[in-house]
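Here is the file structure_14.csv (CSV, C-alpha atoms).
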```csv
chain,number,residue,atom,x,y,z
A,1,MET,CA,-12.8,-41.1,37.8
A,2,ARG,CA,-16.2,-40.9,36.2
A,3,HIS,CA,-19.2,-43.1,35.4
A,4,PHE,CA,-19.2,-44.8,32.0
A,5,GLY,CA,-15.5,-44.0,31.7
A,6,HIS,CA,-14.9,-47.6,30.7
A,7,LEU,CA,-16.8,-47.0,27.5
A,8,ASP,CA,-15.1,-45.9,24.3
A,9,ASP,CA,-15.2,-42.2,23.5
A,10,ASP,CA,-17.3,-42.7,20.4
A,11,VAL,CA,-19.9,-44.8,22.4
A,12,ARG,CA,-20.3,-42.1,25.0
A,13,GLN,CA,-20.7,-39.4,22.4
A,14,ARG,CA,-23.4,-41.4,20.7
A,15,LEU,CA,-25.3,-42.1,24.0
A,16,PHE,CA,-25.0,-38.8,25.9
A,17,HIS,CA,-26.4,-35.4,25.3
A,18,ARG,CA,-24.2,-34.3,28.3
A,19,GLU,CA,-21.5,-36.8,29.4
A,20,PRO,CA,-20.9,-37.7,33.0
A,21,GLU,CA,-18.4,-35.4,34.8
A,22,HIS,CA,-15.1,-36.4,36.3
A,23,PHE,CA,-14.8,-36.4,40.1
A,24,THR,CA,-12.0,-37.3,42.5
A,25,ARG,CA,-11.9,-39.2,45.8
A,26,GLY,CA,-11.5,-35.9,47.6
A,27,ALA,CA,-14.6,-34.3,46.1
A,28,ASP,CA,-17.4,-32.8,48.2
A,29,PRO,CA,-19.4,-35.5,50.0
A,30,ALA,CA,-22.6,-34.4,48.2
A,31,VAL,CA,-20.9,-35.2,44.9
A,32,LEU,CA,-19.6,-38.5,46.1
A,33,ALA,CA,-22.9,-39.5,47.6
A,34,THR,CA,-24.7,-38.9,44.3
A,35,ALA,CA,-22.0,-40.7,42.4
A,36,LEU,CA,-21.9,-43.9,44.5
A,37,GLY,CA,-24.2,-45.7,42.1
A,38,ALA,CA,-24.1,-49.4,42.4
A,39,THR,CA,-22.0,-50.1,45.5
A,40,LEU,CA,-20.6,-53.6,45.1
A,41,TYR,CA,-20.0,-55.7,48.2
A,42,SER,CA,-17.1,-58.2,48.3
A,43,PRO,CA,-16.0,-60.5,51.1
A,44,ALA,CA,-12.7,-59.4,52.6
A,45,THR,CA,-11.5,-63.0,52.6
A,46,ARG,CA,-11.2,-63.3,48.8
A,47,PRO,CA,-7.6,-64.2,48.1
A,48,ARG,CA,-7.4,-62.2,44.9
A,49,LEU,CA,-9.3,-59.2,46.3
A,50,LEU,CA,-7.0,-56.6,44.7
A,51,GLU,CA,-7.4,-58.2,41.3
A,52,ASP,CA,-11.2,-58.3,41.8
A,53,VAL,CA,-11.3,-54.6,42.7
A,54,ARG,CA,-9.3,-53.6,39.6
A,55,ARG,CA,-11.4,-55.8,37.3
A,56,GLN,CA,-14.7,-54.4,38.6
A,57,ALA,CA,-13.3,-50.8,38.2
A,58,ALA,CA,-12.5,-51.6,34.6
A,59,ARG,CA,-16.1,-52.7,34.1
A,60,GLY,CA,-17.5,-49.4,35.4
A,61,VAL,CA,-17.8,-50.0,39.2
A,62,VAL,CA,-17.2,-46.7,41.1
A,63,SER,CA,-17.8,-47.8,44.7
A,64,MET,CA,-17.1,-51.0,46.6
A,65,VAL,CA,-17.4,-52.3,50.1
A,66,LEU,CA,-14.9,-54.9,51.4
A,67,CYS,CA,-16.9,-56.7,54.0
A,68,LEU,CA,-15.7,-58.1,57.3
A,69,GLU,CA,-19.2,-58.5,58.7
A,70,ASP,CA,-22.1,-60.6,57.4
A,71,ALA,CA,-20.4,-61.6,54.2
A,72,ILE,CA,-17.9,-63.8,56.1
A,73,ASP,CA,-18.1,-66.4,58.8
A,74,ASP,CA,-17.3,-65.3,62.4
A,75,ARG,CA,-14.4,-67.7,62.4
A,76,ASP,CA,-12.8,-66.1,59.4
A,77,VAL,CA,-12.6,-62.5,60.8
A,78,PRO,CA,-8.9,-62.6,61.7
A,79,ALA,CA,-8.0,-64.1,58.3
A,80,GLY,CA,-10.2,-61.5,56.6
A,81,GLU,CA,-8.5,-58.7,58.4
A,82,ALA,CA,-5.1,-59.9,57.6
A,83,ASN,CA,-6.0,-60.4,53.9
A,84,LEU,CA,-7.6,-57.0,53.7
A,85,VAL,CA,-4.6,-55.2,55.2
A,86,ALA,CA,-2.1,-57.0,52.9
A,87,GLN,CA,-4.2,-56.3,49.8
A,88,LEU,CA,-4.8,-52.6,50.6
A,89,ARG,CA,-1.1,-52.2,51.3
A,90,ALA,CA,-0.3,-53.7,47.9
A,91,LEU,CA,-2.8,-51.2,46.3
A,92,ALA,CA,-1.2,-48.3,48.1
A,93,ASP,CA,2.3,-49.4,47.1
A,94,ALA,CA,1.2,-49.7,43.5
A,95,ALA,CA,-0.5,-46.2,43.6
A,96,GLU,CA,2.7,-44.7,45.0
A,97,HIS,CA,4.9,-46.2,42.4
A,98,GLY,CA,2.5,-45.6,39.5
A,99,GLY,CA,1.6,-49.2,38.6
A,100,PRO,CA,-0.5,-52.1,39.8
A,101,ALA,CA,1.0,-54.6,42.2
A,102,ASP,CA,-0.4,-57.7,40.4
A,103,GLY,CA,0.9,-57.1,37.0
A,104,THR,CA,-2.4,-56.0,35.4
A,105,PRO,CA,-2.5,-53.0,33.0
A,106,HIS,CA,-2.7,-49.7,34.8
A,107,HIS,CA,-5.8,-47.7,33.7
A,108,GLY,CA,-5.4,-44.9,36.2
A,109,GLY,CA,-3.9,-41.4,36.1
A,110,PRO,CA,-0.3,-40.4,35.7
A,111,ALA,CA,2.6,-42.3,37.2
A,112,ASP,CA,3.0,-39.7,40.0
A,113,ALA,CA,-0.7,-39.9,41.0
A,114,THR,CA,-1.4,-40.1,44.7
A,115,PRO,CA,-4.1,-42.2,46.3
A,116,GLU,CA,-6.3,-39.1,46.5
A,117,ASP,CA,-6.2,-38.7,42.7
A,118,ASP,CA,-7.9,-40.9,40.1
A,119,GLY,CA,-6.6,-44.4,40.1
A,120,ASP,CA,-7.5,-47.8,38.8
A,121,TRP,CA,-9.7,-48.6,41.8
A,122,PRO,CA,-13.1,-47.5,42.9
A,123,LEU,CA,-14.1,-45.6,46.1
A,124,LEU,CA,-13.3,-48.3,48.7
A,125,PHE,CA,-15.0,-48.8,52.1
A,126,ILE,CA,-14.5,-51.4,54.8
A,127,ARG,CA,-17.6,-52.8,56.5
A,128,VAL,CA,-16.5,-53.5,60.1
A,129,ARG,CA,-18.2,-55.3,62.9
A,130,THR,CA,-17.2,-53.2,65.9
A,131,PRO,CA,-15.9,-49.6,66.5
A,132,GLU,CA,-12.7,-51.1,67.8
A,133,GLN,CA,-12.0,-52.6,64.4
A,134,ILE,CA,-11.8,-49.1,62.9
A,135,GLY,CA,-8.9,-48.1,65.1
A,136,ASP,CA,-7.2,-51.4,64.8
A,137,LEU,CA,-7.3,-51.5,61.0
A,138,THR,CA,-6.2,-47.8,60.9
A,139,ARG,CA,-3.1,-48.7,62.9
A,140,ARG,CA,-2.3,-51.9,60.8
A,141,LEU,CA,-2.8,-50.1,57.5
A,142,GLY,CA,-0.6,-47.1,58.3
A,143,PRO,CA,-0.1,-44.9,55.3
A,144,ALA,CA,-2.1,-47.4,53.2
A,145,LEU,CA,-5.2,-46.1,54.8
A,146,ARG,CA,-5.1,-43.4,52.1
A,147,VAL,CA,-6.6,-45.7,49.5
A,148,LEU,CA,-9.8,-46.0,51.6
A,149,SER,CA,-12.7,-43.5,51.4
A,150,GLY,CA,-14.2,-44.7,54.6
A,151,PHE,CA,-16.1,-47.3,56.6
A,152,VAL,CA,-19.5,-48.9,56.5
A,153,LEU,CA,-21.1,-49.1,60.0
A,154,PRO,CA,-23.5,-52.0,60.6
A,155,LYS,CA,-26.5,-52.4,62.9
A,156,PHE,CA,-26.5,-48.6,63.3
A,157,THR,CA,-28.5,-47.1,66.2
A,158,GLU,CA,-28.0,-44.0,68.3
A,159,ASP,CA,-26.0,-45.9,71.0
A,160,SER,CA,-23.8,-48.0,68.7
A,161,GLY,CA,-23.6,-45.3,66.1
A,162,ALA,CA,-22.0,-42.8,68.5
A,163,ALA,CA,-19.2,-45.2,69.3
A,164,PHE,CA,-18.6,-46.0,65.6
A,165,LEU,CA,-18.5,-42.3,64.6
A,166,GLU,CA,-16.2,-41.4,67.5
A,167,ALA,CA,-13.8,-44.2,66.4
A,168,LEU,CA,-14.0,-42.9,62.8
A,169,ALA,CA,-13.2,-39.3,64.0
A,170,ALA,CA,-10.2,-40.6,66.0
A,171,ALA,CA,-8.9,-42.6,63.0
A,172,GLU,CA,-9.2,-39.5,60.8
A,173,ALA,CA,-7.3,-37.4,63.4
A,174,ALA,CA,-4.6,-40.0,63.8
A,175,SER,CA,-4.1,-40.6,60.1
A,176,GLY,CA,-4.7,-37.1,58.7
A,177,HIS,CA,-6.8,-38.7,56.0
A,178,ARG,CA,-10.5,-37.9,55.4
A,179,LEU,CA,-12.7,-40.9,56.3
A,180,LEU,CA,-16.4,-40.9,55.4
A,181,ALA,CA,-19.1,-43.1,57.1
A,182,MET,CA,-22.0,-45.0,55.6
A,183,PRO,CA,-24.2,-46.2,58.5
A,184,VAL,CA,-26.5,-49.2,57.8
A,185,LEU,CA,-30.0,-49.2,59.3
A,186,GLU,CA,-30.9,-52.8,59.8
A,187,SER,CA,-31.6,-53.4,63.5
A,188,PRO,CA,-34.8,-55.2,64.6
A,189,GLU,CA,-35.8,-52.2,66.6
A,190,LEU,CA,-36.2,-50.3,63.4
A,191,ALA,CA,-38.6,-52.9,62.0
A,192,HIS,CA,-40.6,-53.0,65.2
A,193,LEU,CA,-43.4,-50.4,65.1
A,194,GLU,CA,-43.3,-49.6,68.8
A,195,THR,CA,-39.6,-48.6,68.7
A,196,ARG,CA,-39.2,-47.3,65.2
A,197,ARG,CA,-39.9,-43.7,65.9
A,198,ASP,CA,-37.4,-43.5,68.8
A,199,VAL,CA,-34.7,-45.4,66.8
A,200,LEU,CA,-35.0,-43.0,63.9
A,201,THR,CA,-35.0,-39.8,65.9
A,202,GLY,CA,-32.0,-41.1,67.9
A,203,VAL,CA,-30.2,-41.9,64.6
A,204,ALA,CA,-31.0,-38.5,63.3
A,205,ARG,CA,-29.5,-36.9,66.4
A,206,VAL,CA,-26.2,-38.7,66.2
A,207,LEU,CA,-25.9,-38.3,62.4
A,208,GLU,CA,-26.5,-34.5,62.7
A,209,LYS,CA,-23.7,-34.3,65.3
A,210,TYR,CA,-21.3,-36.0,62.8
A,211,ARG,CA,-22.9,-34.6,59.6
A,212,ASP,CA,-19.6,-33.7,57.9
A,213,ARG,CA,-18.5,-37.4,58.1
A,214,VAL,CA,-21.7,-39.0,56.9
A,215,LEU,CA,-21.6,-39.8,53.2
A,216,ALA,CA,-24.9,-41.8,52.8
A,217,VAL,CA,-27.3,-43.9,54.8
A,218,ARG,CA,-27.7,-47.5,53.7
A,219,LEU,CA,-30.7,-49.8,54.3
A,220,GLY,CA,-30.1,-53.4,55.4
A,221,VAL,CA,-33.4,-54.8,54.2
A,222,THR,CA,-32.2,-58.5,54.5
A,223,ASP,CA,-31.7,-58.1,58.2
A,224,LEU,CA,-35.0,-56.2,58.6
A,225,CYS,CA,-36.8,-59.1,56.9
A,226,SER,CA,-35.0,-61.7,59.1
A,227,ALA,CA,-36.7,-60.3,62.2
A,228,TYR,CA,-39.9,-61.6,60.8
A,229,GLY,CA,-38.7,-64.6,58.8
A,230,LEU,CA,-39.4,-62.9,55.5
A,231,ARG,CA,-37.7,-63.1,52.1
A,232,ARG,CA,-39.0,-61.6,48.9
A,233,SER,CA,-39.0,-63.7,45.7
A,234,PRO,CA,-37.4,-62.5,42.4
A,235,ASP,CA,-40.8,-61.5,41.2
A,236,LEU,CA,-41.4,-59.0,44.0
A,237,THR,CA,-39.6,-55.8,45.0
A,238,ALA,CA,-38.9,-54.6,48.5
A,239,TYR,CA,-41.9,-52.3,48.1
A,240,ASP,CA,-44.2,-55.3,47.7
A,241,VAL,CA,-43.3,-56.4,51.2
A,242,ALA,CA,-45.5,-54.2,53.4
A,243,LEU,CA,-43.2,-54.3,56.4
A,244,VAL,CA,-40.1,-53.2,54.4
A,245,ALA,CA,-42.0,-50.6,52.4
A,246,SER,CA,-43.2,-49.0,55.7
A,247,VAL,CA,-39.6,-48.9,57.1
A,248,ILE,CA,-38.3,-47.3,53.9
A,249,GLY,CA,-41.0,-44.7,53.9
A,250,ASP,CA,-40.2,-43.8,57.5
A,251,VAL,CA,-36.5,-43.7,57.0
A,252,VAL,CA,-36.9,-41.3,54.1
A,253,ASN,CA,-39.4,-39.3,56.1
A,254,VAL,CA,-36.9,-38.6,58.9
A,255,LEU,CA,-33.5,-38.9,57.2
A,256,GLY,CA,-34.1,-38.1,53.5
A,257,ARG,CA,-35.7,-34.6,53.7
A,258,ALA,CA,-34.7,-32.0,51.0
A,259,ASP,CA,-34.6,-29.1,53.4
A,260,GLY,CA,-30.9,-29.4,54.2
A,261,THR,CA,-31.4,-31.7,57.2
A,262,GLY,CA,-31.5,-34.9,55.2
A,263,PHE,CA,-28.9,-37.4,53.8
A,264,THR,CA,-28.6,-39.5,50.7
A,265,VAL,CA,-30.4,-42.8,51.4
A,266,THR,CA,-29.4,-45.7,49.2
A,267,GLY,CA,-31.5,-48.5,47.8
A,268,PRO,CA,-31.7,-52.0,49.4
A,269,VAL,CA,-29.8,-55.0,48.0
A,270,TRP,CA,-31.2,-57.2,45.2
A,271,GLU,CA,-30.5,-60.8,46.2
A,272,TYR,CA,-30.9,-62.6,42.9
A,273,PHE,CA,-28.3,-63.1,40.2
A,274,PRO,CA,-27.7,-65.3,37.1
A,275,VAL,CA,-26.0,-68.6,37.5
A,276,HIS,CA,-24.9,-68.9,33.8
A,277,GLU,CA,-25.8,-67.8,30.3
A,278,ARG,CA,-27.5,-69.9,27.6
A,279,MET,CA,-27.7,-69.3,23.9
A,280,PHE,CA,-31.0,-69.0,22.0
A,281,LYS,CA,-33.2,-71.0,24.4
A,282,PRO,CA,-36.7,-69.8,23.5
A,283,GLN,CA,-38.3,-72.0,26.1
A,284,LEU,CA,-36.6,-70.0,28.9
A,285,ARG,CA,-38.1,-66.8,30.3
A,286,ARG,CA,-36.1,-64.1,28.6
A,287,SER,CA,-34.8,-60.8,29.6
A,288,PRO,CA,-36.5,-58.0,27.6
A,289,PHE,CA,-33.1,-56.9,26.4
A,290,LEU,CA,-31.1,-58.4,23.5
A,291,LEU,CA,-27.4,-57.6,23.6
A,292,GLN,CA,-26.0,-56.8,20.2
A,293,THR,CA,-22.6,-56.2,18.7
A,294,ASP,CA,-22.3,-55.3,15.0
A,295,PRO,CA,-18.6,-54.8,14.2
A,296,PRO,CA,-17.9,-54.0,10.5
A,297,GLY,CA,-17.9,-57.1,8.3
A,298,GLU,CA,-19.4,-59.4,10.9
A,299,ALA,CA,-22.9,-60.7,11.4
A,300,VAL,CA,-24.9,-59.3,14.4
A,301,ARG,CA,-24.2,-61.5,17.4
A,302,ARG,CA,-27.1,-61.9,19.8
A,303,ARG,CA,-27.1,-63.5,23.2
A,304,ILE,CA,-29.8,-63.9,25.8
A,305,ILE,CA,-28.9,-63.9,29.4
A,306,GLU,CA,-30.8,-66.3,31.6
A,307,HIS,CA,-31.4,-63.6,34.1
A,308,ASP,CA,-34.7,-61.9,34.6
A,309,LEU,CA,-33.9,-58.2,35.0
A,310,ASP,CA,-37.5,-57.2,35.4
A,311,GLY,CA,-37.6,-57.3,39.2
A,312,LEU,CA,-34.4,-55.5,39.6
A,313,ILE,CA,-35.4,-52.8,37.2
A,314,ARG,CA,-38.8,-52.3,38.8
A,315,GLU,CA,-37.1,-52.0,42.2
A,316,ILE,CA,-34.6,-49.4,41.0
A,317,GLU,CA,-37.5,-47.3,39.6
A,318,LEU,CA,-39.4,-47.6,42.9
A,319,ASP,CA,-36.2,-46.7,44.8
A,320,ARG,CA,-36.0,-43.4,42.8
A,321,ALA,CA,-39.7,-42.7,43.2
A,322,ASN,CA,-39.4,-43.1,47.0
A,323,GLY,CA,-36.4,-40.9,47.3
A,324,LEU,CA,-33.5,-43.4,47.3
A,325,LEU,CA,-30.4,-43.0,45.2
A,326,GLY,CA,-27.8,-45.7,44.4
A,327,LYS,CA,-28.1,-49.3,45.4
A,328,THR,CA,-26.3,-52.0,47.4
A,329,CYS,CA,-25.2,-54.8,45.0
A,330,ILE,CA,-23.9,-58.3,45.7
A,331,HIS,CA,-23.2,-59.3,42.1
A,332,PRO,CA,-21.5,-57.5,39.2
A,333,SER,CA,-24.4,-58.3,36.9
A,334,HIS,CA,-26.6,-55.8,38.8
A,335,VAL,CA,-24.2,-52.8,38.2
A,336,PRO,CA,-25.0,-52.0,34.6
A,337,ALA,CA,-28.8,-51.8,35.3
A,338,VAL,CA,-28.3,-49.6,38.3
A,339,HIS,CA,-26.0,-47.2,36.4
A,340,ALA,CA,-28.1,-47.2,33.2
A,341,LEU,CA,-31.2,-46.3,35.2
A,342,SER,CA,-29.3,-43.5,37.0
A,343,VAL,CA,-28.6,-41.6,33.7
A,344,VAL,CA,-30.8,-38.6,33.5
A,345,THR,CA,-33.2,-38.7,30.6
A,346,HIS,CA,-33.3,-35.8,28.2
A,347,GLU,CA,-36.9,-35.1,29.3
A,348,GLU,CA,-35.9,-35.0,33.0
A,349,PHE,CA,-33.0,-32.7,32.2
A,350,SER,CA,-35.2,-30.4,30.0
A,351,ASP,CA,-37.7,-30.1,32.8
A,352,ALA,CA,-35.1,-29.5,35.5
A,353,ALA,CA,-33.3,-26.8,33.5
A,354,ASP,CA,-36.6,-25.0,32.9
A,355,ILE,CA,-37.5,-25.1,36.6
A,356,LEU,CA,-34.1,-23.8,37.7
A,357,HIS,CA,-33.8,-21.1,35.1
A,358,GLU,CA,-32.8,-17.9,36.8
A,359,ASP,CA,-35.7,-15.9,35.2
A,360,ARG,CA,-38.1,-18.2,37.1
A,361,SER,CA,-36.8,-17.8,40.6
A,362,GLY,CA,-40.1,-16.1,41.6
A,363,GLY,CA,-42.1,-19.2,40.9
A,364,GLY,CA,-45.0,-19.8,38.6
A,365,VAL,CA,-46.2,-22.7,36.4
A,366,LEU,CA,-45.0,-23.6,33.0
A,367,ARG,CA,-45.7,-26.3,30.4
A,368,SER,CA,-43.0,-28.9,29.9
A,369,ALA,CA,-41.0,-28.6,26.7
A,370,TYR,CA,-42.2,-32.1,26.0
A,371,THR,CA,-45.8,-30.8,26.3
A,372,ASN,CA,-46.9,-33.7,28.5
A,373,LYS,CA,-46.8,-32.3,32.0
A,374,MET,CA,-47.0,-29.2,34.2
A,375,ASN,CA,-43.8,-27.9,35.9
A,376,GLU,CA,-44.4,-25.8,39.1
A,377,VAL,CA,-41.2,-23.9,39.7
A,378,LYS,CA,-41.3,-23.7,43.6
A,379,PRO,CA,-42.7,-27.2,44.4
A,380,HIS,CA,-40.5,-28.9,41.9
A,381,ARG,CA,-37.3,-27.0,42.7
A,382,ALA,CA,-35.8,-29.6,45.1
A,383,TRP,CA,-36.5,-32.3,42.6
A,384,ALA,CA,-34.8,-30.4,39.8
A,385,GLN,CA,-31.7,-29.7,41.9
A,386,ARG,CA,-31.4,-33.4,42.6
A,387,VAL,CA,-31.8,-34.2,38.9
A,388,MET,CA,-28.9,-31.8,38.1
A,389,LEU,CA,-26.7,-33.5,40.7
A,390,ARG,CA,-27.4,-36.8,39.1
A,391,ALA,CA,-26.8,-35.4,35.7
A,392,SER,CA,-23.3,-34.3,36.7
A,393,ALA,CA,-22.5,-37.8,38.0
A,394,PHE,CA,-24.2,-40.0,35.5
A,395,GLY,CA,-24.8,-37.7,32.5
A,396,VAL,CA,-27.8,-36.9,30.4
A,397,ALA,CA,-28.9,-39.3,27.6
A,398,ARG,CA,-29.6,-38.0,24.1
A,399,GLU,CA,-33.2,-37.5,23.3
A,400,ASP,CA,-33.5,-40.7,21.3
A,401,VAL,CA,-31.4,-42.9,23.6
A,402,THR,CA,-33.3,-45.4,25.7
A,403,PHE,CA,-32.4,-47.3,28.9
A,404,ALA,CA,-32.1,-50.5,26.8
A,405,GLU,CA,-29.3,-48.9,24.7
A,406,LEU,CA,-27.5,-47.7,27.8
A,407,LEU,CA,-27.7,-51.1,29.3
A,408,SER,CA,-26.5,-52.8,26.2
A,409,ALA,CA,-23.5,-50.5,25.9
A,410,CYS,CA,-22.5,-51.3,29.4
A,411,LEU,CA,-22.9,-55.1,29.1
A,412,CYS,CA,-21.1,-55.2,25.7
A,413,SER,CA,-18.1,-53.2,26.8
```
Would you mind writing the structure in this file as structure tokens?
Amino acid sequence: MRHFGHLDDDVRQRLFHREPEHFTRGADPAVLATALGATLYSPATRPRLLEDVRRQAARGVVSMVLCLEDAIDDRDVPAGEANLVAQLRALADAAEHGGPADGTPHHGGPADATPEDDGDWPLLFIRVRTPEQIGDLTRRLGPALRVLSGFVLPKFTEDSGAAFLEALAAAEAASGHRLLAMPVLESPELAHLETRRDVLTGVARVLEKYRDRVLAVRLGVTDLCSAYGLRRSPDLTAYDVALVASVIGDVVNVLGRADGTGFTVTGPVWEYFPVHERMFKPQLRRSPFLLQTDPPGEAVRRRIIEHDLDGLIREIELDRANGLLGKTCIHPSHVPAVHALSVVTHEEFSDAADILHEDRSGGGVLRSAYTNKMNEVKPHRAWAQRVMLRASAFGVAREDVTFAELLSACLCS
């Protein structure tokens, strides 16, 4: 699989100076953590879940969470589990026999591909409620567990986290299949100033113990806000809410360090999404982006989406500035913006390549090739290394290609 693989070859060649690289489900966790991108959540109760998963993969989604926790009613958990097990078994059966179980076109690898190879589904994770669910679902899925990449662990603290990760390790040992964890930091104790330090240091201890199984740390900002009755409007980012901004800063401070002790920390969910589209309504507040297609012999078609992307875009940019990578998404309309903004610009790539050049391992200062900034080799090295990881996963845009063009290509595909 690879990012922007759903675009036509000629479109990718036009957009990218260096195209995104292929990766497999069995890749190094550092590669997968960088490549998560927009992780789309879906309730496990959806009756056509397998069809949804394939449809989103065809639209460029690379990671999905099938949720048995907050996304569904407490009363629906047994039905959600049963549906999830049935759908994942169907996916595993289709993978084994080289075709989809629901009759949709197969876009994956060769007919003899195994679930560890590329297939027509994203990296899949189950968000459970309790540690016991991990073992139970592992037993019920049997060989079908191989289509999963891991589990999302909610309300993660040192005490609850140890139990979750022990259950994950037991499931991996029992199945013989690698399972990765994405803990979610969202407990009220993390929001409370007097307990935050102890919570974070405790989480750091348990994550270090299970480091080889931790793919990324996720932030549950909605739950953190609920402890104070807060909710940001679509005109504000998470960083405009002082309480949330302080939590994010402290989480990155403890868990996002670039000295080898840190983890990938992903961006918080954006709660707002479009209800419908309208054509040429100048009285509406418009997105700054006009989507265009210009096939030969036809007039340019323009449409305006009644969806203000400004807030989401600002938040993604602030995520990056604050050390977060990737984003939790609850609506497919968010995915193109997250991925388009994850592409490395030609300027970033040029600076990173200069900084990491082997002739400059001794340090020093040099002027950017774009002649607009100073690059300090030693202080900027960790930044440059992260840029190169992101370039492998999301590619490098051509010098004259903008975010708007990347976004338009994704939305028009």
Any idea what the distance is between CA of Leu406 (chain A) and CA of Ala340 (chain A)?
5.5 Å
Which residues, protein or nucleic acid, reach to within 12 Å of (-9.4, -48.8, 46.5) in the file's coordinates when using only C-alpha atoms, and can you give that as number ranges by chain?
A: 25, 49-57, 61-66, 84-85, 87-95, 100, 108, 114-126, 144-150
Just want the 12 Å neighbourhood of Arg196 (chain A), counted on all atoms listed in the file, with same-chain residues fewer than 2 positions away dropped. Output as a PDB file with C-alpha atoms, in the frame of the given file.
```pdb
ATOM      1  CA  THR A 157     -28.500 -47.100  66.200  1.00  0.00           C
ATOM      2  CA  LEU A 185     -30.000 -49.200  59.300  1.00  0.00           C
ATOM      3  CA  GLU A 186     -30.900 -52.800  59.800  1.00  0.00           C
ATOM      4  CA  SER A 187     -31.600 -53.400  63.500  1.00  0.00           C
ATOM      5  CA  PRO A 188     -34.800 -55.200  64.600  1.00  0.00           C
ATOM      6  CA  GLU A 189     -35.800 -52.200  66.600  1.00  0.00           C
ATOM      7  CA  LEU A 190     -36.200 -50.300  63.400  1.00  0.00           C
ATOM      8  CA  ALA A 191     -38.600 -52.900  62.000  1.00  0.00           C
ATOM      9  CA  HIS A 192     -40.600 -53.000  65.200  1.00  0.00           C
ATOM     10  CA  LEU A 193     -43.400 -50.400  65.100  1.00  0.00           C
ATOM     11  CA  GLU A 194     -43.300 -49.600  68.800  1.00  0.00           C
ATOM     12  CA  ASP A 198     -37.400 -43.500  68.800  1.00  0.00           C
ATOM     13  CA  VAL A 199     -34.700 -45.400  66.800  1.00  0.00           C
ATOM     14  CA  LEU A 200     -35.000 -43.000  63.900  1.00  0.00           C
ATOM     15  CA  THR A 201     -35.000 -39.800  65.900  1.00  0.00           C
ATOM     16  CA  GLY A 202     -32.000 -41.100  67.900  1.00  0.00           C
ATOM     17  CA  VAL A 203     -30.200 -41.900  64.600  1.00  0.00           C
ATOM     18  CA  LEU A 224     -35.000 -56.200  58.600  1.00  0.00           C
ATOM     19  CA  LEU A 243     -43.200 -54.300  56.400  1.00  0.00           C
ATOM     20  CA  SER A 246     -43.200 -49.000  55.700  1.00  0.00           C
ATOM     21  CA  VAL A 247     -39.600 -48.900  57.100  1.00  0.00           C
ATOM     22  CA  ILE A 248     -38.300 -47.300  53.900  1.00  0.00           C
ATOM     23  CA  GLY A 249     -41.000 -44.700  53.900  1.00  0.00           C
ATOM     24  CA  ASP A 250     -40.200 -43.800  57.500  1.00  0.00           C
ATOM     25  CA  VAL A 251     -36.500 -43.700  57.000  1.00  0.00           C
ATOM     26  CA  VAL A 254     -36.900 -38.600  58.900  1.00  0.00           C
TER      27      VAL A 254
END
```
Show me the residues around (-30.1, -37.2, 63.0) - criterion: an atom at most 10 Å away, all atoms listed in the file counted - as a compact mmCIF listing (two decimals) with C-alpha atoms, in the coordinates of the input.
```txt
# COMPACT_ATOMS: atom_id res chain seq x y z
CA GLU A 158 -28.00 -44.00 68.30
CA LEU A 200 -35.00 -43.00 63.90
CA THR A 201 -35.00 -39.80 65.90
CA GLY A 202 -32.00 -41.10 67.90
CA VAL A 203 -30.20 -41.90 64.60
CA ALA A 204 -31.00 -38.50 63.30
CA ARG A 205 -29.50 -36.90 66.40
CA VAL A 206 -26.20 -38.70 66.20
CA LEU A 207 -25.90 -38.30 62.40
CA GLU A 208 -26.50 -34.50 62.70
CA LYS A 209 -23.70 -34.30 65.30
CA TYR A 210 -21.30 -36.00 62.80
CA ARG A 211 -22.90 -34.60 59.60
CA VAL A 254 -36.90 -38.60 58.90
CA LEU A 255 -33.50 -38.90 57.20
CA THR A 261 -31.40 -31.70 57.20
CA GLY A 262 -31.50 -34.90 55.20
CA PHE A 263 -28.90 -37.40 53.80
```
Point out the residue among A:Thr130, A:Thr328, A:Thr237, A:Ser342 with the least atom-to-atom distance to Leu40 (chain A), counting all atoms listed in the file.
A:Thr328
Could you check how far CA of Glu347 (chain A) sits from CA of Asp28 (chain A), in Å to one decimal?
27.3 Å
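Shortest atom-to-atom contact with Ala337 (chain A) among A:Ala162, A:Ala44, A:Ala38, A:Ala79: A:Ala38, counting all atoms listed in the file.
One finds CA of Ala384 (chain A) at 10.5 Å from CA of His357 (chain A).
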Judged by only C-alpha atoms, the minimum distance to Glu315 (chain A) among A:Leu236, A:Val377, A:Ala170, A:Met1 is found for A:Leu236
All residues 10 Å or closer to Trp270 (chain A), all atoms listed in the file, same chain fewer than 3 positions away omitted, as a list of chain:residue names:
A:Val221, A:Thr222, A:Arg232, A:Pro234, A:Thr237, A:Ala238, A:Gly267, A:Phe273, A:Gly311, A:Leu312, A:Glu315, A:Ile316, A:Lys327, A:Thr328, A:Cys329, A:Ile330, A:His331, A:His334
Using all atoms listed in the file, which of A:Arg257, A:Gly26, A:Ala382, A:Arg18 sits nearest Glu399 (chain A)?
A:Arg18
Skipping near chain neighbours, those fewer than 3 positions away, what residues fall within 12 Å of Phe151 (chain A) using all atoms listed in the file, listed as a PyMOL selection string?
chain A and resi 64-69+123-131+133-135+137-138+145+147-148+154+164-165+167-169+171-172+178-184+213-218
Which of these, A:Arg390, A:Arg320, A:Lys155, A:Arg2, has the shortest distance to Val265 (chain A) once you count only C-alpha atoms?
A:Arg320
Tell me, as a PyMOL selection string, which residues lie within 9 Å of region 394-397 of chain A, counting only C-alpha atoms; anything in the same chain fewer than 5 positions away does not count.
chain A and resi 2-4+15-21+34-35+37+339-340+342-346+348-349+389+402-403+406
